[in-house]
>>> print(open('coords-v2.cif').read())   # mmCIF, C-alpha atoms
data_input
#
loop_
_atom_site.label_atom_id
_atom_site.label_comp_id
_atom_site.auth_asym_id
_atom_site.auth_seq_id
_atom_site.Cartn_x
_atom_site.Cartn_y
_atom_site.Cartn_z
CA MET A 628 79.34 -32.66 27.91
CA ASN A 629 79.16 -29.73 30.31
CA LYS A 630 79.31 -31.16 33.81
CA ARG A 631 76.76 -28.59 34.97
CA ASN A 632 74.09 -30.01 32.64
CA PRO A 633 73.09 -32.95 34.89
CA LEU A 634 72.80 -30.63 37.89
CA ILE A 635 70.70 -28.14 35.91
CA LEU A 636 68.49 -31.01 34.70
CA ALA A 637 68.06 -32.47 38.17
CA THR A 638 67.28 -29.12 39.79
CA SER A 639 64.81 -28.16 37.05
CA LEU A 640 63.05 -31.55 37.10
CA LEU A 641 62.77 -31.53 40.89
CA THR A 642 61.42 -27.97 40.97
CA LEU A 643 58.86 -28.39 38.19
CA ASN A 644 57.65 -31.74 39.58
CA LEU A 645 57.13 -30.32 43.07
CA ILE A 646 55.36 -27.21 41.75
CA SER A 647 53.14 -29.26 39.40
CA LEU A 648 52.12 -31.70 42.12
CA LEU A 649 51.39 -28.85 44.55
CA ILE A 650 49.23 -26.95 42.06
CA ILE A 651 47.39 -29.82 40.34
CA TYR A 652 46.74 -32.03 43.36
CA TYR A 653 46.45 -29.52 46.21
CA LEU A 654 45.89 -25.86 45.30
CA LEU A 655 43.51 -26.08 42.32
CA PRO A 656 41.28 -28.77 43.91
CA GLN A 657 40.66 -26.32 46.76
CA LEU A 658 39.05 -23.93 44.28
CA PHE A 659 37.47 -26.24 41.72
CA ILE A 660 34.41 -28.30 42.61
CA ILE A 661 33.48 -30.49 39.67
CA LYS A 662 29.85 -29.99 38.53
CA ASP A 663 29.37 -27.14 41.05
CA LYS A 664 29.81 -23.96 39.03
CA GLN A 665 28.42 -21.58 41.64
CA MET A 666 30.60 -22.85 44.49
CA THR A 667 33.70 -22.86 42.28
CA ASN A 668 33.14 -19.26 41.14
CA THR A 669 32.57 -18.19 44.75
CA LEU A 670 35.79 -19.86 45.90
CA ILE A 671 37.74 -18.28 43.04
CA GLU A 672 36.38 -14.80 43.78
CA LYS A 673 37.52 -15.15 47.39
CA SER A 674 40.96 -16.48 46.42
CA LEU A 675 42.28 -14.23 43.66
CA GLY A 676 45.66 -14.09 45.39
CA LEU A 677 45.90 -17.87 45.33
CA ILE A 678 44.91 -17.92 41.65
CA SER A 679 47.77 -15.50 40.91
CA ILE A 680 50.21 -17.80 42.73
CA ILE A 681 48.88 -20.80 40.77
CA ILE A 682 49.29 -18.99 37.44
CA LEU A 683 52.82 -17.83 38.28
CA GLY A 684 53.70 -21.37 39.34
CA LEU A 685 52.38 -22.82 36.09
CA VAL A 686 54.32 -20.27 34.03
CA LEU A 687 57.47 -21.30 35.94
CA VAL A 688 56.70 -24.96 35.15
CA VAL A 689 56.46 -24.10 31.43
CA ILE A 690 59.78 -22.22 31.51
CA LEU A 691 61.54 -25.03 33.39
CA ASN A 692 60.18 -27.62 30.95
CA LEU A 693 61.61 -25.65 28.03
CA LEU A 694 64.95 -25.50 29.87
CA VAL A 695 64.81 -29.27 30.47
CA SER A 696 64.06 -29.85 26.79
CA PHE A 697 67.07 -27.79 25.74
CA VAL A 698 69.52 -29.33 28.21
CA LEU A 699 68.30 -32.92 27.63
CA ARG A 700 68.78 -32.51 23.90
CA HIS A 701 72.46 -31.67 24.42
CA TYR A 702 72.86 -34.29 27.15
CA LEU A 703 71.58 -37.21 25.05
CA PHE A 704 72.51 -35.93 21.59
CA ASN A 705 75.35 -38.40 20.99
CA ILE A 706 73.14 -41.47 21.52
CA ASP A 707 70.69 -40.87 18.65
CA ARG A 708 70.47 -37.39 17.16
CA GLN A 709 67.15 -37.89 15.37
CA LEU A 710 65.44 -39.53 18.35
CA THR A 711 66.85 -36.86 20.66
CA LEU A 712 65.41 -34.14 18.45
CA ILE A 713 61.97 -35.78 18.51
CA MET A 714 62.24 -36.18 22.29
CA GLY A 715 63.02 -32.48 22.68
CA LEU A 716 60.16 -31.45 20.40
CA LEU A 717 57.69 -33.55 22.42
CA ARG A 718 58.72 -31.74 25.61
CA VAL A 719 58.33 -28.40 23.83
CA MET A 720 54.87 -29.46 22.61
CA TYR A 721 53.94 -30.41 26.18
CA SER A 722 55.07 -26.96 27.33
CA VAL A 723 53.17 -25.16 24.55
CA VAL A 724 49.92 -27.06 25.22
CA LEU A 725 50.28 -26.40 28.95
CA LEU A 726 50.91 -22.71 28.23
CA ILE A 727 47.69 -22.57 26.20
CA GLY A 728 45.86 -23.89 29.27
CA VAL A 729 47.50 -21.22 31.44
CA VAL A 730 46.51 -18.45 29.02
CA ILE A 731 42.90 -19.68 29.06
CA LEU A 732 43.01 -19.70 32.87
CA ILE A 733 44.25 -16.10 32.85
CA LEU A 734 41.61 -14.91 30.37
CA ASP A 735 38.74 -16.87 31.91
CA THR A 736 39.31 -17.17 35.66
CA ASN A 737 36.10 -18.98 36.58
CA TYR A 738 34.57 -22.46 36.54
CA GLU A 739 34.74 -22.77 32.75
CA GLY A 740 38.32 -21.53 32.70
CA VAL A 741 39.53 -24.00 35.32
CA LEU A 742 37.63 -26.83 33.62
CA SER A 743 39.21 -25.94 30.28
CA PHE A 744 42.64 -25.82 31.92
CA TYR A 745 42.20 -29.32 33.35
CA VAL A 746 41.10 -30.72 29.98
CA ILE A 747 44.11 -29.14 28.25
CA TYR A 748 46.42 -30.29 31.06
CA PHE A 749 45.23 -33.88 30.67
CA CYS A 750 45.93 -33.65 26.92
CA SER A 751 49.42 -32.26 27.55
CA LEU A 752 50.33 -35.25 29.72
CA SER A 753 50.25 -37.47 26.63
CA PHE A 754 53.14 -35.46 25.17
CA LEU A 755 54.99 -35.69 28.48
CA GLY A 756 54.44 -39.45 28.53
CA LEU A 757 55.80 -39.87 25.00
CA ASN A 758 58.75 -37.68 25.96
CA ASN A 759 59.59 -39.90 28.92
CA ILE A 760 59.30 -43.04 26.79
CA LEU A 761 61.81 -41.66 24.29
CA ILE A 762 64.16 -40.62 27.11
CA SER A 763 63.85 -44.17 28.43
CA ILE A 764 64.81 -45.63 25.03
CA LEU A 765 67.77 -43.26 24.72
CA LEU A 766 69.02 -44.07 28.21
CA TYR A 767 68.63 -47.80 27.57
CA ARG A 768 71.03 -47.48 24.64
CA ALA A 769 73.68 -45.81 26.81
CA LEU A 770 76.28 -48.22 28.20
CA ASP A 771 76.95 -46.55 31.52
CA ILE A 772 73.42 -46.00 32.82
CA ASN A 773 71.59 -48.25 35.25
CA ARG A 774 68.80 -49.95 33.27
CA ILE A 775 66.44 -49.58 36.24
CA VAL A 776 66.35 -45.83 35.56
CA SER A 777 65.35 -46.49 31.96
CA VAL A 778 62.63 -49.00 32.92
CA LEU A 779 61.14 -46.65 35.53
CA LEU A 780 61.00 -43.82 33.00
CA MET A 781 59.25 -46.15 30.53
CA ILE A 782 56.63 -47.06 33.16
CA CYS A 783 56.31 -43.39 34.05
CA GLY A 784 55.71 -42.43 30.41
CA MET A 785 53.11 -45.15 29.81
CA GLY A 786 51.39 -44.21 33.06
CA TYR A 787 51.12 -40.57 32.01
CA ILE A 788 49.60 -41.53 28.66
CA LEU A 789 47.03 -43.98 30.05
CA GLY A 790 46.23 -41.70 32.98
CA SER A 791 45.76 -38.67 30.75
CA ILE A 792 43.33 -40.57 28.51
CA TYR A 793 41.30 -41.74 31.50
CA SER A 794 41.30 -38.29 33.12
CA PHE A 795 40.37 -36.60 29.84
CA ILE A 796 37.36 -38.90 29.42
CA THR A 797 36.17 -38.78 33.03
CA LEU A 798 37.44 -35.29 34.01
CA THR A 799 38.72 -36.91 37.18
CA LEU A 800 42.14 -36.53 38.77
CA ILE A 801 43.83 -39.86 39.43
CA PRO A 802 45.64 -39.63 42.80
CA TYR A 803 48.06 -42.44 41.97
CA MET A 804 49.22 -40.57 38.86
CA MET A 805 51.59 -38.83 41.26
CA VAL A 806 53.42 -42.16 41.49
CA PHE A 807 54.26 -41.92 37.79
CA SER A 808 56.64 -39.07 38.53
CA LEU A 809 58.75 -41.63 40.43
CA GLY A 810 60.63 -42.41 37.21
CA GLU A 811 61.64 -38.78 36.77
CA ILE A 812 62.56 -38.50 40.45
CA VAL A 813 64.85 -41.55 40.19
CA PHE A 814 66.30 -40.07 37.00
CA LEU A 815 67.09 -36.76 38.66
CA LEU A 816 68.63 -38.52 41.67
CA TRP A 817 70.85 -40.45 39.27
CA LEU A 818 71.79 -37.21 37.54
CA MET A 819 72.76 -35.59 40.84
CA SER A 820 74.78 -38.54 42.15
CA VAL A 821 76.31 -40.25 39.11
CA GLY A 822 75.48 -38.33 35.95
CA ARG A 823 77.58 -35.30 36.76
CA GLN A 824 80.65 -37.48 37.24
CA LYS A 825 80.71 -39.17 33.82
CA GLN A 826 80.01 -38.77 30.15
CA ILE A 827 77.24 -40.79 28.57
CA ARG A 828 78.82 -43.53 26.44
CA ILE A 829 77.18 -45.35 23.55
#
>>> encode(input="coords-v2.cif", output="structure tokens")
Amino acid sequence: MNKRNPLILATSLLTLNLISLLIIYYLLPQLFIIKDKQMTNTLIEKSLGLISIIILGLVLVVILNLLVSFVLRHYLFNIDRQLTLIMGLLRVMYSVVLLIGVVILILDTNYEGVLSFYVIYFCSLSFLGLNNILISILLYRALDINRIVSVLLMICGMGYILGSIYSFITLTLIPYMMVFSLGEIVFLLWLMSVGRQKQIRI
């Protein structure tokens, strides 16, 4: 295993998590007022620069997720090749669905566009949740990984799935969904401190 892989993973996960949280829970809510089309369109028209930053940030998140998918596949490949392939494909599917939402936001930068983006984003979280669950299973099978990391990722994945279903139905952001990224944060901290020093054993 390339010793740089854990560091690349950790850096990418940290960056995409911070950007996602900033955009979804802080920047977009400043422009999107649910059930108030006129106010939302007015805010968007006055904040085209901010919209551009949001779109660029989301594109970066998509790129980083594809990088994470590629590196994770090589990092966990020796544990279970078939499961690792499925795990990687789920992360790619999450990225593709998220990219569709970004394209819609670019083509339709108004109330309907932002609403469509949120709906698609909520759907994409289900793929991310399944991805984290499979990572959790793969890590649990490794002999030299703290099982707490695996359990937290499992909780994180289940939280994303349940939260995405609720948000899709109600079109409401769940503030405590931010807590579900704790599993990934613990994972990246492990990668930075321990993962780069050892091979994964099965």
>>> resolve_selection(input="coords-v2.cif", expression="the PyMOL selection byres ((chain A and resi 762) around 9)", output="number ranges by chain")
A: 699, 703, 710-711, 714, 757-761, 763-767, 777, 780-781
>>> resolve_selection(input="coords-v2.cif", expression="the PyMOL selection byres ((chain A and resi 649-657) around 10)", output="PDB file with C-alpha atoms, in the coordinates of the input")
ATOM      1  CA  LEU A 643      58.860 -28.390  38.190  1.00  0.00           C
ATOM      2  CA  ASN A 644      57.650 -31.740  39.580  1.00  0.00           C
ATOM      3  CA  LEU A 645      57.130 -30.320  43.070  1.00  0.00           C
ATOM      4  CA  ILE A 646      55.360 -27.210  41.750  1.00  0.00           C
ATOM      5  CA  SER A 647      53.140 -29.260  39.400  1.00  0.00           C
ATOM      6  CA  LEU A 648      52.120 -31.700  42.120  1.00  0.00           C
ATOM      7  CA  LEU A 658      39.050 -23.930  44.280  1.00  0.00           C
ATOM      8  CA  PHE A 659      37.470 -26.240  41.720  1.00  0.00           C
ATOM      9  CA  ILE A 660      34.410 -28.300  42.610  1.00  0.00           C
ATOM     10  CA  ILE A 661      33.480 -30.490  39.670  1.00  0.00           C
ATOM     11  CA  THR A 667      33.700 -22.860  42.280  1.00  0.00           C
ATOM     12  CA  LEU A 670      35.790 -19.860  45.900  1.00  0.00           C
ATOM     13  CA  ILE A 671      37.740 -18.280  43.040  1.00  0.00           C
ATOM     14  CA  SER A 674      40.960 -16.480  46.420  1.00  0.00           C
ATOM     15  CA  LEU A 677      45.900 -17.870  45.330  1.00  0.00           C
ATOM     16  CA  ILE A 678      44.910 -17.920  41.650  1.00  0.00           C
ATOM     17  CA  ILE A 680      50.210 -17.800  42.730  1.00  0.00           C
ATOM     18  CA  ILE A 681      48.880 -20.800  40.770  1.00  0.00           C
ATOM     19  CA  ILE A 682      49.290 -18.990  37.440  1.00  0.00           C
ATOM     20  CA  GLY A 684      53.700 -21.370  39.340  1.00  0.00           C
ATOM     21  CA  LEU A 685      52.380 -22.820  36.090  1.00  0.00           C
ATOM     22  CA  VAL A 741      39.530 -24.000  35.320  1.00  0.00           C
ATOM     23  CA  TYR A 745      42.200 -29.320  33.350  1.00  0.00           C
ATOM     24  CA  TYR A 748      46.420 -30.290  31.060  1.00  0.00           C
ATOM     25  CA  LEU A 800      42.140 -36.530  38.770  1.00  0.00           C
ATOM     26  CA  ILE A 801      43.830 -39.860  39.430  1.00  0.00           C
ATOM     27  CA  PRO A 802      45.640 -39.630  42.800  1.00  0.00           C
ATOM     28  CA  MET A 804      49.220 -40.570  38.860  1.00  0.00           C
ATOM     29  CA  MET A 805      51.590 -38.830  41.260  1.00  0.00           C
TER      30      MET A 805
END
>>> atom_distance(input="coords-v2.cif", atom1="atom CA of A:Leu789", atom2="atom CA of A:Val723")
20.5 Å
>>> atom_distance(input="coords-v2.cif", atom1="atom CA of A:Ile727", atom2="atom CA of A:Cys783")
23.9 Å
>>> closest_residue(input="coords-v2.cif", among="A:Met785, A:Met666, A:Leu675, A:Leu694", to="A:Ile635", atoms="only C-alpha atoms")
A:Leu694
>>> resolve_selection(input="coords-v2.cif", expression="the PyMOL selection byres ((chain A and resi 641) around 12)", output="PyMOL selection string")
chain A and resi 634-640+642-648+688+691-692+695+808-816+818-819
>>> residues_around(input="coords-v2.cif", residues="A:Val686", least_positions_apart="3", cutoff="8 Å", atoms="only C-alpha atoms", output="number ranges by chain")
A: 682-683, 689-690, 726, 729
>>> write_last_selection(input="coords-v2.cif", atoms="C-alpha atoms", output="mmCIF file, in the frame of the given file")
data_model
loop_
_atom_site.group_PDB
_atom_site.id
_atom_site.type_symbol
_atom_site.label_atom_id
_atom_site.label_comp_id
_atom_site.auth_asym_id
_atom_site.auth_seq_id
_atom_site.Cartn_x
_atom_site.Cartn_y
_atom_site.Cartn_z
ATOM 1 C CA ILE A 682 49.290 -18.990 37.440
ATOM 2 C CA LEU A 683 52.820 -17.830 38.280
ATOM 3 C CA VAL A 689 56.460 -24.100 31.430
ATOM 4 C CA ILE A 690 59.780 -22.220 31.510
ATOM 5 C CA LEU A 726 50.910 -22.710 28.230
ATOM 6 C CA VAL A 729 47.500 -21.220 31.440
#
>>> closest_residue(input="coords-v2.cif", among="A:Ala769, A:Val746, A:Met720, A:Leu734", to="A:Ile706", atoms="all atoms listed in the file")
A:Ala769
>>> atom_distance(input="coords-v2.cif", atom1="atom CA of A:Leu693", atom2="atom CA of A:Leu717")
10.5 Å
>>> closest_residue(input="coords-v2.cif", among="A:Gly756, A:Tyr793, A:Val724, A:Leu712", to="A:Phe744", atoms="all atoms listed in the file")
A:Val724
>>> closest_residue(input="coords-v2.cif", among="A:Val776, A:Ser679, A:Ile731, A:Ser743", to="A:Leu798", atoms="all atoms listed in the file")
A:Ser743
